[in-house]
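K.L.:
Pasting coords.pdb here (PDB, C-alpha atoms):
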```pdb
ATOM      1  CA  MET D  39     274.890 154.434   7.453  1.00  0.00           C
ATOM      2  CA  MET D  40     272.822 154.110   4.299  1.00  0.00           C
ATOM      3  CA  MET D  41     271.717 157.358   2.706  1.00  0.00           C
ATOM      4  CA  ARG D  42     268.139 157.511   1.550  1.00  0.00           C
ATOM      5  CA  TYR D  43     267.163 159.804  -1.264  1.00  0.00           C
ATOM      6  CA  PRO D  44     263.590 160.916  -0.636  1.00  0.00           C
ATOM      7  CA  ASP D  45     261.047 160.790  -3.388  1.00  0.00           C
ATOM      8  CA  ILE D  46     263.420 162.632  -5.429  1.00  0.00           C
ATOM      9  CA  ALA D  47     263.119 166.049  -6.234  1.00  0.00           C
ATOM     10  CA  PHE D  48     266.761 165.061  -5.800  1.00  0.00           C
ATOM     11  CA  GLN D  49     267.965 168.664  -5.675  1.00  0.00           C
ATOM     12  CA  VAL D  50     270.252 168.698  -2.664  1.00  0.00           C
ATOM     13  CA  PRO D  51     269.897 172.139  -1.043  1.00  0.00           C
ATOM     14  CA  HIS D  52     273.546 172.252  -0.007  1.00  0.00           C
ATOM     15  CA  PRO D  53     276.624 170.210  -0.819  1.00  0.00           C
ATOM     16  CA  MET D  54     277.094 166.998   1.109  1.00  0.00           C
ATOM     17  CA  PRO D  55     280.621 166.657   2.460  1.00  0.00           C
ATOM     18  CA  PHE D  56     282.661 163.490   2.089  1.00  0.00           C
ATOM     19  CA  ASN D  57     280.472 160.443   2.594  1.00  0.00           C
ATOM     20  CA  PRO D  58     282.367 157.359   3.822  1.00  0.00           C
ATOM     21  CA  GLU D  59     279.461 154.939   3.249  1.00  0.00           C
ATOM     22  CA  TYR D  60     278.189 153.395   0.037  1.00  0.00           C
ATOM     23  CA  THR D  61     274.490 153.681  -0.721  1.00  0.00           C
ATOM     24  CA  THR D  62     272.440 151.162  -2.658  1.00  0.00           C
ATOM     25  CA  ASP D  63     269.573 153.654  -2.951  1.00  0.00           C
ATOM     26  CA  GLU D  64     270.938 155.357  -6.038  1.00  0.00           C
ATOM     27  CA  PRO D  65     269.405 158.421  -7.686  1.00  0.00           C
ATOM     28  CA  SER D  66     268.394 158.225 -11.339  1.00  0.00           C
ATOM     29  CA  ARG D  67     270.580 159.535 -14.140  1.00  0.00           C
ATOM     30  CA  SER D  68     268.152 162.384 -14.828  1.00  0.00           C
ATOM     31  CA  GLU D  69     268.363 163.425 -11.168  1.00  0.00           C
ATOM     32  CA  ILE D  70     272.153 163.468 -11.361  1.00  0.00           C
ATOM     33  CA  ASP D  71     272.096 165.400 -14.644  1.00  0.00           C
ATOM     34  CA  ALA D  72     269.891 168.052 -12.999  1.00  0.00           C
ATOM     35  CA  GLN D  73     272.244 168.642 -10.040  1.00  0.00           C
ATOM     36  CA  PRO D  74     273.534 172.205  -9.834  1.00  0.00           C
ATOM     37  CA  GLY D  75     277.114 172.885  -8.844  1.00  0.00           C
ATOM     38  CA  ALA D  76     279.974 170.470  -8.220  1.00  0.00           C
ATOM     39  CA  THR D  77     279.386 166.771  -7.580  1.00  0.00           C
ATOM     40  CA  VAL D  78     281.642 163.727  -7.346  1.00  0.00           C
ATOM     41  CA  LEU D  79     280.031 160.353  -7.968  1.00  0.00           C
ATOM     42  CA  GLU D  80     282.091 157.500  -6.593  1.00  0.00           C
ATOM     43  CA  PHE D  81     281.213 154.041  -7.870  1.00  0.00           C
ATOM     44  CA  GLY D  82     282.538 150.985  -6.055  1.00  0.00           C
ATOM     45  CA  SER D  83     281.759 148.394  -3.425  1.00  0.00           C
ATOM     46  CA  PRO D  84     282.581 148.054   0.268  1.00  0.00           C
ATOM     47  CA  TRP D  85     284.310 144.688  -0.338  1.00  0.00           C
ATOM     48  CA  CYS D  86     286.465 145.949  -3.259  1.00  0.00           C
ATOM     49  CA  GLY D  87     290.176 146.038  -2.351  1.00  0.00           C
ATOM     50  CA  HIS D  88     290.922 148.841  -4.842  1.00  0.00           C
ATOM     51  CA  CYS D  89     288.065 150.857  -3.340  1.00  0.00           C
ATOM     52  CA  ARG D  90     289.364 150.354   0.192  1.00  0.00           C
ATOM     53  CA  ARG D  91     292.856 151.464  -0.849  1.00  0.00           C
ATOM     54  CA  ALA D  92     291.471 154.593  -2.520  1.00  0.00           C
ATOM     55  CA  ALA D  93     289.127 155.528   0.352  1.00  0.00           C
ATOM     56  CA  PRO D  94     291.682 157.482   2.444  1.00  0.00           C
ATOM     57  CA  LEU D  95     292.877 159.316  -0.688  1.00  0.00           C
ATOM     58  CA  VAL D  96     289.319 160.369  -1.531  1.00  0.00           C
ATOM     59  CA  ALA D  97     288.670 161.400   2.076  1.00  0.00           C
ATOM     60  CA  GLU D  98     291.835 163.500   2.131  1.00  0.00           C
ATOM     61  CA  ALA D  99     290.906 165.217  -1.139  1.00  0.00           C
ATOM     62  CA  PHE D 100     287.472 166.091   0.227  1.00  0.00           C
ATOM     63  CA  SER D 101     289.013 167.628   3.355  1.00  0.00           C
ATOM     64  CA  ASP D 102     289.994 170.641   1.224  1.00  0.00           C
ATOM     65  CA  HIS D 103     286.766 170.770  -0.817  1.00  0.00           C
ATOM     66  CA  ASP D 104     283.798 170.757   1.539  1.00  0.00           C
ATOM     67  CA  GLY D 105     281.670 172.618  -1.019  1.00  0.00           C
ATOM     68  CA  ILE D 106     281.632 169.636  -3.388  1.00  0.00           C
ATOM     69  CA  ARG D 107     278.758 167.145  -3.179  1.00  0.00           C
ATOM     70  CA  HIS D 108     279.861 163.501  -2.766  1.00  0.00           C
ATOM     71  CA  ILE D 109     277.594 160.598  -3.675  1.00  0.00           C
ATOM     72  CA  LYS D 110     279.118 157.176  -3.057  1.00  0.00           C
ATOM     73  CA  ILE D 111     277.238 154.500  -5.015  1.00  0.00           C
ATOM     74  CA  ALA D 112     277.413 150.760  -4.289  1.00  0.00           C
ATOM     75  CA  ASP D 113     277.660 149.524  -7.848  1.00  0.00           C
ATOM     76  CA  SER D 114     277.132 146.061  -9.314  1.00  0.00           C
ATOM     77  CA  SER D 115     276.204 144.556 -12.648  1.00  0.00           C
ATOM     78  CA  GLY D 116     272.805 145.685 -13.795  1.00  0.00           C
ATOM     79  CA  ARG D 117     272.708 148.827 -11.646  1.00  0.00           C
ATOM     80  CA  PRO D 118     271.268 151.535 -13.925  1.00  0.00           C
ATOM     81  CA  LEU D 119     273.290 154.550 -12.764  1.00  0.00           C
ATOM     82  CA  GLY D 120     276.656 152.812 -13.116  1.00  0.00           C
ATOM     83  CA  ARG D 121     275.702 151.439 -16.525  1.00  0.00           C
ATOM     84  CA  SER D 122     274.578 154.889 -17.705  1.00  0.00           C
ATOM     85  CA  PHE D 123     278.094 156.175 -16.949  1.00  0.00           C
ATOM     86  CA  GLY D 124     279.788 153.135 -18.517  1.00  0.00           C
ATOM     87  CA  ILE D 125     281.402 152.017 -15.244  1.00  0.00           C
ATOM     88  CA  LYS D 126     283.569 148.938 -15.739  1.00  0.00           C
ATOM     89  CA  LEU D 127     286.178 149.100 -12.936  1.00  0.00           C
ATOM     90  CA  TRP D 128     286.011 150.203  -9.316  1.00  0.00           C
ATOM     91  CA  PRO D 129     286.509 152.654  -7.907  1.00  0.00           C
ATOM     92  CA  THR D 130     285.535 155.119 -10.588  1.00  0.00           C
ATOM     93  CA  LEU D 131     285.156 158.778  -9.680  1.00  0.00           C
ATOM     94  CA  ILE D 132     283.009 160.927 -11.973  1.00  0.00           C
ATOM     95  CA  PHE D 133     283.485 164.701 -11.606  1.00  0.00           C
ATOM     96  CA  LEU D 134     280.380 166.679 -12.560  1.00  0.00           C
ATOM     97  CA  LYS D 135     279.727 170.399 -12.855  1.00  0.00           C
ATOM     98  CA  ASP D 136     276.051 171.327 -13.171  1.00  0.00           C
ATOM     99  CA  GLY D 137     275.258 167.723 -14.120  1.00  0.00           C
ATOM    100  CA  ARG D 138     277.855 167.563 -16.908  1.00  0.00           C
ATOM    101  CA  GLU D 139     280.865 165.248 -16.669  1.00  0.00           C
ATOM    102  CA  ILE D 140     284.116 167.198 -16.727  1.00  0.00           C
ATOM    103  CA  GLY D 141     286.456 164.441 -15.584  1.00  0.00           C
ATOM    104  CA  ARG D 142     286.820 160.835 -14.556  1.00  0.00           C
ATOM    105  CA  LEU D 143     289.363 158.797 -12.607  1.00  0.00           C
ATOM    106  CA  VAL D 144     289.423 155.016 -12.701  1.00  0.00           C
ATOM    107  CA  ARG D 145     291.228 153.238  -9.867  1.00  0.00           C
ATOM    108  CA  PRO D 146     293.107 156.300  -8.646  1.00  0.00           C
ATOM    109  CA  THR D 147     296.340 155.456  -6.856  1.00  0.00           C
ATOM    110  CA  GLY D 148     297.500 158.915  -5.801  1.00  0.00           C
ATOM    111  CA  GLY D 149     295.896 161.681  -3.821  1.00  0.00           C
ATOM    112  CA  ASP D 150     297.247 164.380  -6.128  1.00  0.00           C
ATOM    113  CA  GLU D 151     295.265 163.158  -9.143  1.00  0.00           C
ATOM    114  CA  ILE D 152     292.059 163.278  -7.091  1.00  0.00           C
ATOM    115  CA  LYS D 153     292.868 166.709  -5.675  1.00  0.00           C
ATOM    116  CA  ASN D 154     293.666 168.084  -9.148  1.00  0.00           C
ATOM    117  CA  ALA D 155     290.358 166.828 -10.522  1.00  0.00           C
ATOM    118  CA  MET D 156     288.512 168.371  -7.569  1.00  0.00           C
ATOM    119  CA  GLN D 157     290.290 171.684  -8.088  1.00  0.00           C
ATOM    120  CA  ALA D 158     288.990 171.694 -11.673  1.00  0.00           C
ATOM    121  CA  LEU D 159     285.464 171.507 -10.228  1.00  0.00           C
ATOM    122  CA  ASP D 160     286.151 174.670  -8.242  1.00  0.00           C
ATOM    123  CA  LEU D 161     287.232 176.688 -11.302  1.00  0.00           C
ATOM    124  CA  PRO D 162     284.731 178.946 -13.088  1.00  0.00           C
ATOM    125  CA  ALA D 163     283.518 177.375 -16.349  1.00  0.00           C
ATOM    126  CA  GLY D 164     285.312 179.845 -18.667  1.00  0.00           C
ATOM    127  CA  ILE D 165     288.690 179.197 -17.037  1.00  0.00           C
ATOM    128  CA  ARG D 166     288.183 175.431 -16.765  1.00  0.00           C
ATOM    129  CA  ASP D 167     287.103 175.086 -20.415  1.00  0.00           C
ATOM    130  CA  ALA D 168     289.746 177.402 -21.855  1.00  0.00           C
ATOM    131  CA  GLY D 169     292.616 174.932 -21.506  1.00  0.00           C
ATOM    132  CA  PRO D 170     296.264 175.896 -22.011  1.00  0.00           C
ATOM    133  CA  THR D 171     297.091 178.954 -24.069  1.00  0.00           C
TER
END
```
Write the structure described by the file as C-alpha cells, please.
P.N.:
Amino acid sequence: MMMRYPDIAFQVPHPMPFNPEYTTDEPSRSEIDAQPGATVLEFGSPWCGHCRRAAPLVAEAFSDHDGIRHIKIADSSGRPLGRSFGIKLWPTLIFLKDGREIGRLVRPTGGDEIKNAMQALDLPAGIRDAGPT
C-alpha cells in the first residue's frame, strides 16, 4: 500500500497509527516542519536488512502510542526529505514534536530505545525540555 499525500496542505487531521509500508511520495520538509503534535519519520528501504530487522521493534513501540503520527519514507540518494535531515544510514527514526526534532535513532537494535524515545514525545514540552535536576 503506497500512501499518497494530496496536494499538500499536508496537515494530517489526526495521527496516523503505525504504517508498515514505505512511501515514495514524500512530503516536503516545510510540510513536515509545520506538522502539529508528535510525529515519527522513519527513513529506510523495503530491501534493507537492518530496516527489516527493526520493523517488528518499531511496530511494537507504536502499539502503545497510537496518538503518534508515523510516516515511513522510502529513502535513496538524492531524495530531498532524507537529505534535509542528513540521513546516512537506514533505518533512521526522527522524533518530532510540533515539527521540531527532539530525538533520533539510527539503526535501532532494541525495542526499549524506541519506546523511550516515543515516551519523550508524549511528555509535555516543559517536562521534556527540563532534563534531570
K.L.:
Report the residues retrieved by the PyMOL selection byres ((chain D and resi 106-121) around 9) from the displayed file, expressed as a count of residues only.
P.N.:
40
K.L.:
Quote the spacing between CA of Arg91 (chain D) and CA of Gln73 (chain D) in Å to one decimal place.
P.N.:
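A separation of 28.4 Å between them.
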K.L.:
How far is it from CA of Ile70 (chain D) to CA of Gly87 (chain D), in Å with one decimal?
P.N.:
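Atom-to-atom, CA of Ile70 (chain D) and CA of Gly87 (chain D) are spaced 26.6 Å apart.
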K.L.:
Could you name the residues that touch Ala155 (chain D) at 10 Å or less, counting all atoms listed in the file, but leaving out those on the same chain fewer than 3 positions away, as a PyMOL selection string?
P.N.:
chain D and resi 78+99+131-133+140-143+150-152+158-160
K.L.:
Calculated over all atoms listed in the file, which of the candidates D:Gly149, D:Leu127, D:Gln157, D:Asp136 has the smallest distance to Glu98 (chain D)?
P.N.:
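Selected residue with least distance to Glu98 (chain D): D:Gly149.
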K.L.:
At what distance in Å, to one decimal, does CA of Leu134 (chain D) lie from CA of Asn154 (chain D)?
P.N.:
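CA of Asn154 (chain D) sits 13.8 Å away from CA of Leu134 (chain D).
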K.L.:
My list of candidates is D:Lys153, D:Pro129, D:Lys135, D:Ala72. Which is closest to Ala93 (chain D) when distances are computed with only C-alpha atoms?
P.N.:
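Going through D:Lys153, D:Pro129, D:Lys135, D:Ala72 one by one, the smallest distance to Ala93 (chain D) is for D:Pro129.
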K.L.:
Could you write region 72-93 of chain D as a PDB file, in the coordinates of the input, with N, CA and C atoms rebuilt where they are missing?
P.N.:
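Output (rebuild_3.pdb):
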```pdb
ATOM      1  N   ALA D  72     270.534 166.794 -13.400  1.00  0.00           N
ATOM      2  CA  ALA D  72     269.891 168.052 -12.999  1.00  0.00           C
ATOM      3  C   ALA D  72     270.564 168.713 -11.797  1.00  0.00           C
ATOM      4  N   GLN D  73     271.588 168.087 -11.225  1.00  0.00           N
ATOM      5  CA  GLN D  73     272.244 168.642 -10.040  1.00  0.00           C
ATOM      6  C   GLN D  73     273.011 169.916 -10.364  1.00  0.00           C
ATOM      7  N   PRO D  74     272.739 170.990  -9.639  1.00  0.00           N
ATOM      8  CA  PRO D  74     273.534 172.205  -9.834  1.00  0.00           C
ATOM      9  C   PRO D  74     274.861 172.101  -9.075  1.00  0.00           C
ATOM     10  N   GLY D  75     275.847 172.810  -9.554  1.00  0.00           N
ATOM     11  CA  GLY D  75     277.114 172.885  -8.844  1.00  0.00           C
ATOM     12  C   GLY D  75     277.995 171.666  -9.045  1.00  0.00           C
ATOM     13  N   ALA D  76     278.942 171.500  -8.124  1.00  0.00           N
ATOM     14  CA  ALA D  76     279.974 170.470  -8.220  1.00  0.00           C
ATOM     15  C   ALA D  76     279.553 169.203  -7.480  1.00  0.00           C
ATOM     16  N   THR D  77     279.732 168.076  -8.155  1.00  0.00           N
ATOM     17  CA  THR D  77     279.386 166.771  -7.580  1.00  0.00           C
ATOM     18  C   THR D  77     280.456 165.763  -7.975  1.00  0.00           C
ATOM     19  N   VAL D  78     280.800 164.880  -7.041  1.00  0.00           N
ATOM     20  CA  VAL D  78     281.642 163.727  -7.346  1.00  0.00           C
ATOM     21  C   VAL D  78     280.811 162.487  -7.078  1.00  0.00           C
ATOM     22  N   LEU D  79     280.645 161.672  -8.126  1.00  0.00           N
ATOM     23  CA  LEU D  79     280.031 160.353  -7.968  1.00  0.00           C
ATOM     24  C   LEU D  79     281.163 159.359  -7.819  1.00  0.00           C
ATOM     25  N   GLU D  80     281.078 158.538  -6.808  1.00  0.00           N
ATOM     26  CA  GLU D  80     282.091 157.500  -6.593  1.00  0.00           C
ATOM     27  C   GLU D  80     281.399 156.154  -6.696  1.00  0.00           C
ATOM     28  N   PHE D  81     281.782 155.364  -7.675  1.00  0.00           N
ATOM     29  CA  PHE D  81     281.213 154.041  -7.870  1.00  0.00           C
ATOM     30  C   PHE D  81     282.188 152.999  -7.353  1.00  0.00           C
ATOM     31  N   GLY D  82     281.690 152.041  -6.579  1.00  0.00           N
ATOM     32  CA  GLY D  82     282.538 150.985  -6.055  1.00  0.00           C
ATOM     33  C   GLY D  82     281.727 150.016  -5.225  1.00  0.00           C
ATOM     34  N   SER D  83     282.399 149.364  -4.305  1.00  0.00           N
ATOM     35  CA  SER D  83     281.759 148.394  -3.425  1.00  0.00           C
ATOM     36  C   SER D  83     282.545 148.321  -2.127  1.00  0.00           C
ATOM     37  N   PRO D  84     281.858 148.106  -1.006  1.00  0.00           N
ATOM     38  CA  PRO D  84     282.581 148.054   0.268  1.00  0.00           C
ATOM     39  C   PRO D  84     283.573 146.895   0.368  1.00  0.00           C
ATOM     40  N   TRP D  85     283.394 145.823  -0.409  1.00  0.00           N
ATOM     41  CA  TRP D  85     284.310 144.688  -0.338  1.00  0.00           C
ATOM     42  C   TRP D  85     285.460 144.780  -1.342  1.00  0.00           C
ATOM     43  N   CYS D  86     285.457 145.791  -2.205  1.00  0.00           N
ATOM     44  CA  CYS D  86     286.465 145.949  -3.259  1.00  0.00           C
ATOM     45  C   CYS D  86     287.798 146.434  -2.665  1.00  0.00           C
ATOM     46  N   GLY D  87     288.857 145.659  -2.876  1.00  0.00           N
ATOM     47  CA  GLY D  87     290.176 146.038  -2.351  1.00  0.00           C
ATOM     48  C   GLY D  87     290.689 147.345  -2.927  1.00  0.00           C
ATOM     49  N   HIS D  88     290.496 147.580  -4.222  1.00  0.00           N
ATOM     50  CA  HIS D  88     290.922 148.841  -4.842  1.00  0.00           C
ATOM     51  C   HIS D  88     290.169 150.014  -4.218  1.00  0.00           C
ATOM     52  N   CYS D  89     288.884 149.801  -3.942  1.00  0.00           N
ATOM     53  CA  CYS D  89     288.065 150.857  -3.340  1.00  0.00           C
ATOM     54  C   CYS D  89     288.549 151.176  -1.924  1.00  0.00           C
ATOM     55  N   ARG D  90     288.875 150.142  -1.180  1.00  0.00           N
ATOM     56  CA  ARG D  90     289.364 150.354   0.192  1.00  0.00           C
ATOM     57  C   ARG D  90     290.697 151.084   0.205  1.00  0.00           C
ATOM     58  N   ARG D  91     291.562 150.762  -0.772  1.00  0.00           N
ATOM     59  CA  ARG D  91     292.856 151.464  -0.849  1.00  0.00           C
ATOM     60  C   ARG D  91     292.678 152.929  -1.235  1.00  0.00           C
ATOM     61  N   ALA D  92     291.696 153.216  -2.076  1.00  0.00           N
ATOM     62  CA  ALA D  92     291.471 154.593  -2.520  1.00  0.00           C
ATOM     63  C   ALA D  92     290.716 155.429  -1.491  1.00  0.00           C
ATOM     64  N   ALA D  93     289.991 154.795  -0.591  1.00  0.00           N
ATOM     65  CA  ALA D  93     289.127 155.528   0.352  1.00  0.00           C
ATOM     66  C   ALA D  93     289.848 156.634   1.128  1.00  0.00           C
TER      67      ALA D  93
END
```
